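**Student:** Sharing entry.json, JSON, C-alpha atoms and all ligand atoms:
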```json
[["chain", "number", "residue", "atom", "x", "y", "z"],
["A", 1, "MET", "CA", 133.07, -11.94, 51.71],
["A", 2, "ILE", "CA", 132.46, -14.34, 54.60],
["A", 3, "LEU", "CA", 133.34, -18.02, 54.04],
["A", 4, "GLU", "CA", 131.92, -20.71, 56.33],
["A", 5, "PHE", "CA", 134.14, -23.73, 56.93],
["A", 6, "THR", "CA", 134.39, -26.92, 58.97],
["A", 7, "LYS", "CA", 137.72, -28.14, 60.33],
["A", 8, "MET", "CA", 138.07, -31.95, 60.42],
["A", 9, "HIS", "CA", 140.83, -34.51, 60.75],
["A", 10, "GLY", "CA", 141.57, -38.16, 59.97],
["A", 11, "LEU", "CA", 144.22, -39.41, 62.41],
["A", 12, "GLY", "CA", 145.62, -35.88, 62.78],
["A", 13, "ASN", "CA", 145.79, -35.25, 59.01],
["A", 14, "ASP", "CA", 143.67, -32.08, 59.09],
["A", 15, "PHE", "CA", 141.48, -30.31, 56.57],
["A", 16, "ILE", "CA", 139.39, -27.19, 56.06],
["A", 17, "ILE", "CA", 136.15, -28.29, 54.39],
["A", 18, "ILE", "CA", 134.06, -25.81, 52.39],
["A", 19, "ASP", "CA", 130.70, -26.30, 50.67],
["A", 20, "ASN", "CA", 131.15, -25.16, 47.06],
["A", 21, "LEU", "CA", 127.99, -26.74, 45.62],
["A", 22, "GLU", "CA", 127.08, -23.32, 44.30],
["A", 23, "ASP", "CA", 130.35, -22.38, 42.61],
["A", 24, "LYS", "CA", 131.84, -19.53, 44.66],
["A", 25, "ARG", "CA", 134.30, -18.70, 41.85],
["A", 26, "LEU", "CA", 137.28, -18.19, 44.14],
["A", 27, "ASN", "CA", 141.01, -18.69, 43.70],
["A", 28, "TRP", "CA", 141.07, -21.87, 45.83],
["A", 29, "SER", "CA", 144.77, -22.49, 45.32],
["A", 30, "LYS", "CA", 145.69, -19.12, 46.85],
["A", 31, "LEU", "CA", 143.07, -19.60, 49.60],
["A", 32, "ALA", "CA", 144.47, -23.04, 50.46],
["A", 33, "GLU", "CA", 147.97, -21.60, 50.77],
["A", 34, "ASN", "CA", 146.80, -18.82, 53.11],
["A", 35, "LEU", "CA", 144.05, -20.54, 55.13],
["A", 36, "CYS", "CA", 146.18, -23.65, 55.79],
["A", 37, "GLN", "CA", 148.96, -21.57, 57.43],
["A", 38, "ARG", "CA", 149.39, -22.70, 61.05],
["A", 39, "ASN", "CA", 150.37, -19.26, 62.43],
["A", 40, "THR", "CA", 148.44, -16.78, 60.33],
["A", 41, "GLY", "CA", 145.53, -18.86, 58.98],
["A", 42, "ILE", "CA", 143.10, -21.52, 60.22],
["A", 43, "GLY", "CA", 145.80, -24.18, 60.04],
["A", 44, "ALA", "CA", 145.48, -27.44, 58.09],
["A", 45, "ASP", "CA", 147.28, -29.88, 55.81],
["A", 46, "GLY", "CA", 144.75, -29.28, 53.05],
["A", 47, "LEU", "CA", 141.63, -27.49, 51.82],
["A", 48, "VAL", "CA", 138.73, -29.67, 50.67],
["A", 49, "LEU", "CA", 135.80, -28.55, 48.52],
["A", 50, "VAL", "CA", 132.40, -30.21, 48.39],
["A", 51, "ASN", "CA", 131.54, -29.88, 44.70],
["A", 52, "PRO", "CA", 128.63, -31.25, 42.64],
["A", 53, "SER", "CA", 129.25, -34.31, 40.43],
["A", 54, "HIS", "CA", 127.60, -36.10, 37.49],
["A", 55, "ASN", "CA", 129.58, -39.31, 38.20],
["A", 56, "GLY", "CA", 129.10, -39.73, 41.94],
["A", 57, "ASP", "CA", 126.95, -38.36, 44.78],
["A", 58, "TYR", "CA", 129.38, -35.46, 45.27],
["A", 59, "LYS", "CA", 132.88, -34.54, 44.14],
["A", 60, "MET", "CA", 135.80, -34.09, 46.57],
["A", 61, "VAL", "CA", 138.43, -31.60, 45.42],
["A", 62, "ILE", "CA", 141.60, -31.31, 47.52],
["A", 63, "TYR", "CA", 144.34, -28.68, 47.60],
["A", 64, "ASN", "CA", 147.57, -29.23, 49.55],
["A", 65, "SER", "CA", 148.69, -26.55, 52.02],
["A", 66, "ASP", "CA", 151.14, -25.14, 49.42],
["A", 67, "GLY", "CA", 148.18, -24.47, 47.08],
["A", 68, "SER", "CA", 148.85, -27.42, 44.71],
["A", 69, "LEU", "CA", 145.95, -29.57, 43.58],
["A", 70, "ALA", "CA", 146.09, -33.28, 44.55],
["A", 71, "GLN", "CA", 144.15, -36.01, 42.74],
["A", 72, "MET", "CA", 143.08, -37.93, 45.84],
["A", 73, "CYS", "CA", 143.35, -37.99, 49.64],
["A", 74, "GLY", "CA", 142.60, -41.10, 51.69],
["A", 75, "ASN", "CA", 142.09, -39.32, 55.02],
["A", 76, "ALA", "CA", 140.10, -36.41, 53.60],
["A", 77, "ILE", "CA", 137.67, -38.78, 51.87],
["A", 78, "ARG", "CA", 136.72, -40.37, 55.23],
["A", 79, "CYS", "CA", 136.16, -36.87, 56.66],
["A", 80, "PHE", "CA", 134.14, -36.09, 53.52],
["A", 81, "GLY", "CA", 131.83, -39.09, 54.15],
["A", 82, "LYS", "CA", 131.27, -38.15, 57.80],
["A", 83, "TYR", "CA", 130.67, -34.51, 56.84],
["A", 84, "LEU", "CA", 128.04, -35.42, 54.22],
["A", 85, "TYR", "CA", 126.20, -37.83, 56.50],
["A", 86, "GLU", "CA", 126.22, -35.89, 59.76],
["A", 87, "LYS", "CA", 125.43, -32.54, 58.12],
["A", 88, "GLY", "CA", 122.41, -34.05, 56.36],
["A", 89, "TYR", "CA", 123.59, -33.98, 52.72],
["A", 90, "THR", "CA", 122.72, -37.71, 52.54],
["A", 91, "LYS", "CA", 121.00, -40.45, 54.53],
["A", 92, "GLU", "CA", 122.86, -43.21, 52.67],
["A", 93, "GLU", "CA", 125.53, -45.31, 54.40],
["A", 94, "LYS", "CA", 127.08, -46.22, 51.04],
["A", 95, "LEU", "CA", 128.33, -43.23, 49.06],
["A", 96, "SER", "CA", 130.04, -42.80, 45.71],
["A", 97, "ILE", "CA", 132.47, -39.92, 45.79],
["A", 98, "ASP", "CA", 133.97, -38.52, 42.64],
["A", 99, "THR", "CA", 137.63, -37.43, 42.79],
["A", 100, "ASP", "CA", 140.27, -36.40, 40.26],
["A", 101, "SER", "CA", 141.40, -40.05, 40.32],
["A", 102, "GLY", "CA", 137.95, -41.55, 39.71],
["A", 103, "VAL", "CA", 134.92, -42.53, 41.80],
["A", 104, "LYS", "CA", 135.57, -44.12, 45.23],
["A", 105, "ILE", "CA", 132.94, -46.06, 47.19],
["A", 106, "LEU", "CA", 132.57, -45.30, 50.92],
["A", 107, "TYR", "CA", 130.91, -47.59, 53.49],
["A", 108, "LEU", "CA", 129.96, -45.71, 56.66],
["A", 109, "THR", "CA", 129.57, -47.44, 60.04],
["A", 110, "VAL", "CA", 126.91, -45.40, 61.80],
["A", 111, "ASP", "CA", 125.75, -45.59, 65.41],
["A", 112, "ASN", "CA", 122.91, -43.33, 66.59],
["A", 113, "GLY", "CA", 123.44, -40.92, 63.72],
["A", 114, "VAL", "CA", 127.19, -40.67, 64.35],
["A", 115, "VAL", "CA", 129.70, -42.02, 61.80],
["A", 116, "GLN", "CA", 132.12, -44.20, 63.78],
["A", 117, "SER", "CA", 134.37, -45.27, 60.93],
["A", 118, "VAL", "CA", 134.56, -45.18, 57.16],
["A", 119, "LYS", "CA", 135.75, -47.99, 54.89],
["A", 120, "VAL", "CA", 136.89, -46.87, 51.45],
["A", 121, "ASP", "CA", 137.24, -48.94, 48.29],
["A", 122, "MET", "CA", 140.44, -47.22, 47.15],
["A", 123, "GLY", "CA", 140.49, -49.01, 43.78],
["A", 124, "SER", "CA", 143.52, -50.74, 42.26],
["A", 125, "PRO", "CA", 147.11, -49.59, 42.71],
["A", 126, "ILE", "CA", 148.85, -48.47, 39.52],
["A", 127, "PHE", "CA", 152.35, -49.80, 38.74],
["A", 128, "GLN", "CA", 152.96, -48.57, 35.18],
["A", 129, "PRO", "CA", 155.87, -46.07, 35.49],
["A", 130, "GLU", "CA", 154.41, -43.59, 33.00],
["A", 131, "LEU", "CA", 151.08, -43.47, 34.85],
["A", 132, "ILE", "CA", 152.57, -42.96, 38.35],
["A", 133, "PRO", "CA", 154.51, -41.02, 36.90],
["A", 134, "VAL", "CA", 158.16, -41.96, 37.39],
["A", 135, "ASN", "CA", 160.99, -41.63, 34.85],
["A", 136, "ALA", "CA", 162.20, -45.23, 35.23],
["A", 137, "PRO", "CA", 161.73, -48.47, 33.26],
["A", 138, "ASN", "CA", 160.08, -50.27, 36.23],
["A", 139, "SER", "CA", 158.21, -49.18, 39.35],
["A", 140, "ALA", "CA", 160.01, -51.58, 41.74],
["A", 141, "ASP", "CA", 163.56, -51.37, 43.13],
["A", 142, "ILE", "CA", 164.37, -47.96, 41.70],
["A", 143, "LYS", "CA", 167.76, -46.75, 42.93],
["A", 144, "ILE", "CA", 168.02, -43.07, 43.79],
["A", 145, "GLN", "CA", 170.90, -41.00, 45.21],
["A", 146, "VAL", "CA", 170.05, -38.31, 47.75],
["A", 147, "ALA", "CA", 172.24, -36.67, 50.41],
["A", 148, "GLN", "CA", 175.12, -39.12, 49.82],
["A", 149, "ARG", "CA", 172.80, -42.12, 50.32],
["A", 150, "GLU", "CA", 171.56, -44.69, 47.84],
["A", 151, "LEU", "CA", 167.89, -45.47, 48.49],
["A", 152, "THR", "CA", 165.74, -48.21, 46.96],
["A", 153, "ILE", "CA", 162.21, -47.10, 46.10],
["A", 154, "THR", "CA", 158.98, -48.83, 45.08],
["A", 155, "ALA", "CA", 156.82, -46.34, 43.17],
["A", 156, "ILE", "CA", 153.03, -46.82, 43.25],
["A", 157, "SER", "CA", 150.08, -44.64, 42.36],
["A", 158, "MET", "CA", 146.96, -44.81, 44.50],
["A", 159, "GLY", "CA", 145.44, -42.15, 42.25],
["A", 160, "ASN", "CA", 148.29, -39.92, 43.48],
["A", 161, "PRO", "CA", 152.01, -40.77, 43.34],
["A", 162, "HIS", "CA", 153.94, -42.50, 46.15],
["A", 163, "ALA", "CA", 157.52, -43.64, 46.75],
["A", 164, "VAL", "CA", 157.86, -46.38, 49.38],
["A", 165, "ILE", "CA", 161.18, -46.92, 51.18],
["A", 166, "PHE", "CA", 161.83, -49.67, 53.75],
["A", 167, "VAL", "CA", 163.92, -48.59, 56.76],
["A", 168, "GLU", "CA", 165.20, -50.24, 59.95],
["A", 169, "ASP", "CA", 164.86, -47.44, 62.52],
["A", 170, "LEU", "CA", 161.79, -45.37, 61.67],
["A", 171, "LYS", "CA", 161.79, -43.28, 64.85],
["A", 172, "ASN", "CA", 165.26, -41.86, 64.19],
["A", 173, "TYR", "CA", 165.09, -41.82, 60.38],
["A", 174, "PRO", "CA", 165.87, -38.37, 58.84],
["A", 175, "VAL", "CA", 162.39, -37.98, 57.27],
["A", 176, "ASN", "CA", 162.56, -34.17, 57.27],
["A", 177, "GLU", "CA", 165.97, -34.13, 55.58],
["A", 178, "LEU", "CA", 165.36, -36.79, 52.91],
["A", 179, "GLY", "CA", 161.60, -36.23, 52.36],
["A", 180, "PRO", "CA", 161.89, -32.93, 50.43],
["A", 181, "LEU", "CA", 164.88, -34.19, 48.40],
["A", 182, "ILE", "CA", 162.91, -37.24, 47.23],
["A", 183, "GLU", "CA", 159.67, -35.26, 46.72],
["A", 184, "ASN", "CA", 161.46, -32.91, 44.31],
["A", 185, "HIS", "CA", 163.82, -35.43, 42.65],
["A", 186, "PRO", "CA", 163.85, -35.20, 38.80],
["A", 187, "LEU", "CA", 162.77, -38.88, 38.60],
["A", 188, "PHE", "CA", 159.28, -37.73, 39.61],
["A", 189, "PRO", "CA", 157.88, -35.22, 37.09],
["A", 190, "GLN", "CA", 154.78, -34.48, 39.23],
["A", 191, "LYS", "CA", 156.76, -34.65, 42.51],
["A", 192, "ILE", "CA", 155.89, -37.49, 44.91],
["A", 193, "ASN", "CA", 154.60, -38.43, 48.39],
["A", 194, "VAL", "CA", 157.18, -40.45, 50.33],
["A", 195, "GLU", "CA", 156.49, -43.28, 52.81],
["A", 196, "PHE", "CA", 159.24, -44.52, 55.14],
["A", 197, "VAL", "CA", 158.20, -47.99, 56.28],
["A", 198, "GLN", "CA", 159.35, -50.26, 59.10],
["A", 199, "ILE", "CA", 157.93, -53.78, 59.18],
["A", 200, "LYS", "CA", 156.76, -54.72, 62.68],
["A", 201, "ASP", "CA", 155.41, -58.23, 61.94],
["A", 202, "ASP", "CA", 153.60, -59.99, 59.08],
["A", 203, "GLN", "CA", 150.40, -58.00, 59.72],
["A", 204, "THR", "CA", 151.74, -54.66, 60.93],
["A", 205, "LEU", "CA", 153.67, -51.76, 59.44],
["A", 206, "ALA", "CA", 154.79, -48.52, 61.02],
["A", 207, "ILE", "CA", 155.16, -45.61, 58.64],
["A", 208, "ARG", "CA", 156.07, -41.93, 58.54],
["A", 209, "VAL", "CA", 154.99, -39.85, 55.57],
["A", 210, "TRP", "CA", 156.51, -36.86, 53.84],
["A", 211, "GLU", "CA", 153.59, -35.51, 51.81],
["A", 212, "ARG", "CA", 153.96, -33.75, 48.49],
["A", 213, "GLY", "CA", 152.93, -30.10, 48.90],
["A", 214, "VAL", "CA", 152.66, -30.35, 52.71],
["A", 215, "GLY", "CA", 155.66, -31.85, 54.58],
["A", 216, "GLU", "CA", 155.62, -34.52, 57.28],
["A", 217, "THR", "CA", 152.02, -35.21, 58.36],
["A", 218, "GLN", "CA", 150.47, -37.21, 61.18],
["A", 219, "ALA", "CA", 148.92, -39.64, 58.70],
["A", 220, "CYS", "CA", 148.36, -40.23, 55.00],
["A", 221, "GLY", "CA", 145.61, -42.61, 53.84],
["A", 222, "THR", "CA", 146.80, -43.11, 50.26],
["A", 223, "GLY", "CA", 150.36, -43.40, 51.63],
["A", 224, "ALA", "CA", 149.30, -46.14, 54.06],
["A", 225, "CYS", "CA", 147.73, -48.04, 51.13],
["A", 226, "ALA", "CA", 150.84, -47.65, 48.94],
["A", 227, "ALA", "CA", 153.10, -48.78, 51.80],
["A", 228, "PHE", "CA", 150.89, -51.81, 52.46],
["A", 229, "VAL", "CA", 150.72, -52.82, 48.79],
["A", 230, "ALA", "CA", 154.53, -52.55, 48.44],
["A", 231, "SER", "CA", 154.94, -54.67, 51.59],
["A", 232, "VAL", "CA", 152.54, -57.36, 50.31],
["A", 233, "LEU", "CA", 154.34, -57.48, 46.96],
["A", 234, "LYS", "CA", 157.68, -57.93, 48.74],
["A", 235, "GLY", "CA", 156.21, -60.77, 50.83],
["A", 236, "LYS", "CA", 156.73, -58.84, 54.07],
["A", 237, "VAL", "CA", 153.06, -58.83, 55.19],
["A", 238, "LYS", "CA", 149.87, -60.82, 54.58],
["A", 239, "PHE", "CA", 146.93, -59.43, 52.59],
["A", 240, "HIS", "CA", 145.22, -57.84, 55.60],
["A", 241, "GLY", "CA", 146.76, -55.83, 58.44],
["A", 242, "GLU", "CA", 147.37, -52.56, 60.22],
["A", 243, "VAL", "CA", 149.37, -49.51, 59.31],
["A", 244, "HIS", "CA", 150.55, -47.53, 62.33],
["A", 245, "LEU", "CA", 151.04, -43.83, 61.63],
["A", 246, "LEU", "CA", 152.06, -40.99, 63.97],
["A", 247, "GLY", "CA", 148.36, -40.06, 64.37],
["A", 248, "GLY", "CA", 146.86, -43.54, 64.77],
["A", 249, "ILE", "CA", 146.00, -46.79, 63.01],
["A", 250, "LEU", "CA", 144.43, -47.64, 59.64],
["A", 251, "THR", "CA", 143.26, -51.13, 58.69],
["A", 252, "ILE", "CA", 144.18, -52.09, 55.13],
["A", 253, "THR", "CA", 143.26, -55.03, 52.91],
["A", 254, "TYR", "CA", 144.91, -55.68, 49.54],
["A", 255, "ASP", "CA", 143.34, -58.66, 47.74],
["A", 256, "GLY", "CA", 145.83, -58.54, 44.85],
["A", 257, "ASN", "CA", 143.45, -56.34, 42.90],
["A", 258, "LYS", "CA", 141.76, -53.73, 45.04],
["A", 259, "VAL", "CA", 142.80, -51.92, 48.22],
["A", 260, "TYR", "CA", 140.35, -51.26, 51.05],
["A", 261, "LYS", "CA", 141.15, -48.86, 53.88],
["A", 262, "GLU", "CA", 139.19, -48.33, 57.09],
["A", 263, "GLY", "CA", 139.62, -45.71, 59.81],
["A", 264, "PRO", "CA", 138.06, -42.85, 61.75],
["A", 265, "ALA", "CA", 137.26, -39.24, 60.97],
["A", 266, "ALA", "CA", 136.50, -36.42, 63.40],
["A", 267, "PHE", "CA", 135.11, -32.89, 63.55],
["A", 268, "VAL", "CA", 137.37, -30.27, 65.15],
["A", 269, "PHE", "CA", 135.43, -26.98, 64.92],
["A", 270, "GLU", "CA", 133.24, -24.79, 62.72],
["A", 271, "GLY", "CA", 134.11, -21.24, 61.77],
["A", 272, "LYS", "CA", 133.74, -18.25, 59.47],
["A", 273, "VAL", "CA", 136.57, -16.36, 57.83],
["A", 274, "GLU", "CA", 136.47, -13.03, 56.06],
["A", 275, "ILE", "CA", 138.30, -12.98, 52.74],
["A", 276, "ASP", "CA", 139.03, -9.96, 50.58],
["A", 277, "SER", "CA", 138.17, -9.40, 46.91],
["A", 278, "SER", "CA", 141.66, -10.45, 45.72],
["A", 279, "TYR", "CA", 140.52, -14.12, 46.02],
["A", 280, "LYS", "CA", 137.62, -13.60, 43.57],
["A", 281, "LEU", "CA", 138.01, -15.02, 40.07],
["A", 282, "ILE", "CA", 137.13, -12.43, 37.46],
["B", 301, "LIG", "N1", 146.89, -36.77, 53.11],
["B", 301, "LIG", "C1", 146.43, -37.43, 51.97],
["B", 301, "LIG", "C2", 147.09, -37.16, 50.66],
["B", 301, "LIG", "C3", 146.94, -35.69, 50.25],
["B", 301, "LIG", "C4", 147.49, -35.38, 48.88],
["B", 301, "LIG", "C5", 148.98, -35.56, 48.75],
["B", 301, "LIG", "N2", 149.73, -34.63, 49.56],
["B", 301, "LIG", "C6", 149.36, -35.40, 47.26],
["B", 301, "LIG", "O1", 149.83, -34.32, 46.85],
["B", 301, "LIG", "O2", 149.18, -36.36, 46.51],
["B", 301, "LIG", "C7", 145.98, -38.85, 52.22],
["B", 301, "LIG", "O3", 145.51, -39.09, 53.34],
["B", 301, "LIG", "O4", 145.96, -39.67, 51.31]]
```
The structure in this file should be written as structure tokens.

**Tutor:**
Amino acid sequence: MILEFTKMHGLGNDFIIIDNLEDKRLNWSKLAENLCQRNTGIGADGLVLVNPSHNGDYKMVIYNSDGSLAQMCGNAIRCFGKYLYEKGYTKEEKLSIDTDSGVKILYLTVDNGVVQSVKVDMGSPIFQPELIPVNAPNSADIKIQVAQRELTITAISMGNPHAVIFVEDLKNYPVNELGPLIENHPLFPQKINVEFVQIKDDQTLAIRVWERGVGETQACGTGACAAFVASVLKGKVKFHGEVHLLGGILTITYDGNKVYKEGPAAFVFEGKVEIDSSYKLI
């Protein structure tokens, strides 16, 4: 079977996007694991399906590169909006996109038929420990021991789970050593995405992200929102500012209720891949 795909990225966080409006009945988890491989596959942080929806215009489904299903992805959803608009699925500049963490509203900035940026109403952050989920009485100031260090974590769900840690020297911080230990710590029953955050000034954060099911990525949209919310709550930044990631900058607003995130999305290439019958669901 031949599968057509589009490769896109949001600040270097890259995705394979596949139209599944007519259910292809494939083992998407196994496909994500194989197609996302950098050496033997197409190479990406995640696989994104365009599915039909009764709740929104379309439904975005996202698999991490290890084949696990994620509830939401802040960078993929901007790519999703650009994909739908520029490929002619919609003429609307305001879209409602269904996800496994509810419907998100997208506002596209379009110039001459080209989507320049996408602003996303990311909804409200979730702080209840059991909903994040985290096995702790509170979501703030959770102490955790990893690799002979005691770390202080703020846990937040942006539809998917995040652990935010403030650090002094982000560039030299051992993200690749501590990231997997925190991701898989027993405090987090569904594992967790980890944001290491350095405050630059009262409107600017720099972050590095260890993503659940992926590893360190160039950028994470939901992670940028979680890091910004935690920083506002700790009085370290004002309600509107920038999050600087390895792959570029996102603009975030947290009004005490909802989080809005704005940034770019880009096409990389189109392709076709032949897959064998072992991926077919019986
Ligand atoms: N890169 C994403 C988040 C993707 C899902 C995440 N790894 C998870 O498992 O929750 C983003 O931009 O938000």

**Student:** Ala155 of chain A: which residues within 6 Å, counting all atoms listed in the file, same-chain residues fewer than 3 positions away excluded, as an MDAnalysis selection string?

**Tutor:** chainID A and resid 139 162:163

**Student:** Using all atoms listed in the file, which protein or nucleic acid residues are at most 6 Å from ligand LIG 301 (chain B), as a list of chain:residue names?

**Tutor:**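 Listing the residues within 6 Å of ligand LIG 301 (chain B) gives A:Asn64, A:Ala70, A:Met72, A:Cys73, A:Gly74, A:Asn75, A:Asn160, A:Glu211, A:Arg212, A:Gly213, A:Cys220, A:Gly221, A:Thr222, A:Gly223.
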
**Student:** Expressed in Å to a single decimal, how great is the separation between atom CA of Gln190 of chain A and atom CA of Pro161 of chain A?

**Tutor:**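 One can read the atom CA of Gln190 of chain A to atom CA of Pro161 of chain A distance as 8.0 Å.
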
**Student:** Between atom CA of Ser68 of chain A and atom CA of Ser29 of chain A, what is the distance in Å, rounded to a tenth?

**Tutor:**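 Here the two named atoms are 6.4 Å from each other.
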
**Student:** May I have the residues within 6 Å of segment 246-263 of chain A as a list in words, using all atoms listed in the file and disregarding those fewer than 3 positions away in the same chain?

**Tutor:** Leu11, Gly12, Ser117, Val118, Lys119, Val120, Asp121, Met122, Gly123, Ser124, Gln218, Ala219, Phe239, His240, Gly241, Glu242 and Val243 of chain A

**Student:** Counting only C-alpha atoms, figure out which residue out of A:Ile17, A:Leu245, A:Leu35, A:Ile42 gets nearest to Ile62 of chain A.

**Tutor:**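 Among A:Ile17, A:Leu245, A:Leu35, A:Ile42, it is A:Ile17 that comes nearest to Ile62 of chain A.
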
**Student:** Centre and edge lengths of an axis-aligned box around all listed atoms of segment 228-237 of chain A, with 8 Å added on each side, are to be given in Å to one decimal, as lines of an AutoDock Vina configuration file.

**Tutor:**
```
center_x = 154.2
center_y = -56.3
center_z = 51.1
size_x = 23.0
size_y = 25.0
size_z = 24.2
```

**Student:** Within 7 Å of segment 176-183 of chain A, counting all atoms listed in the file, which residues qualify if same-chain residues fewer than 4 places away don't, as a VMD selection string?

**Tutor:** chain A and resid 146 191 to 194 210 212 216

**Student:** Take atom CA of Gly10 of chain A and atom CA of Tyr83 of chain A and report the distance between them in Å, one decimal.

**Tutor:** 11.9 Å

**Student:** What lies within 7 Å of Lys238 of chain A using only C-alpha atoms, ignoring chain neighbours under 2 positions off, as an MDAnalysis selection string?

**Tutor:** chainID A and resid 202:203 232 240

**Student:** With a distance cut-off of 8 Å and all atoms listed in the file, select the neighbouring residues of Gln198 of chain A, excluding the residue or stretch itself and same-chain residues fewer than 4 positions from it, and output the selection as a list in words.

**Tutor:** Phe166, Val167, Glu168, Asp169, Leu170, Leu205, Ala206 and Ile207 of chain A

**Student:** Between A:Gly88, A:Gly102, A:Gly43, A:Pro129, which is the closest to Ile16 of chain A once you count all atoms listed in the file?

**Tutor:**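 Of A:Gly88, A:Gly102, A:Gly43, A:Pro129, the one nearest Ile16 of chain A, counting all atoms listed in the file, is A:Gly43.
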
**Student:** Which one of A:Leu69, A:Asn39, A:Asp98, A:Lys91 sits closest to His54 of chain A if you count all atoms listed in the file?

**Tutor:**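 Selected residue with least distance to His54 of chain A: A:Asp98.
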
**Student:** Counting all atoms listed in the file, note down every residue that has an atom within 6 Å of the point (136.5, -32.2, 42.6) (file coordinates), as an NGL selection string.

**Tutor:** :A and (51 or 59-61 or 99)

**Student:** Go through A:Ser277, A:Asn184, A:Gln128, A:Gln148 and flag the residue nearest Ile2 of chain A, using all atoms listed in the file for the distances.

**Tutor:**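 Result for the nearest residue to Ile2 of chain A: A:Ser277.
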
**Student:** Here is a test: counting only C-alpha atoms, which residue of A:Ala266, A:Lys94, A:Phe196, A:Asp276 is nearest to Lys7 of chain A?

**Tutor:**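 Of all the options, A:Ala266 lies closest to Lys7 of chain A.
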
**Student:** Counting all atoms listed in the file, which residue out of A:Ser231, A:Thr217, A:Asn135, A:Ser96 sits closest to Thr154 of chain A?

**Tutor:**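 The shortest atom-to-atom distance to Thr154 of chain A comes from A:Ser231.
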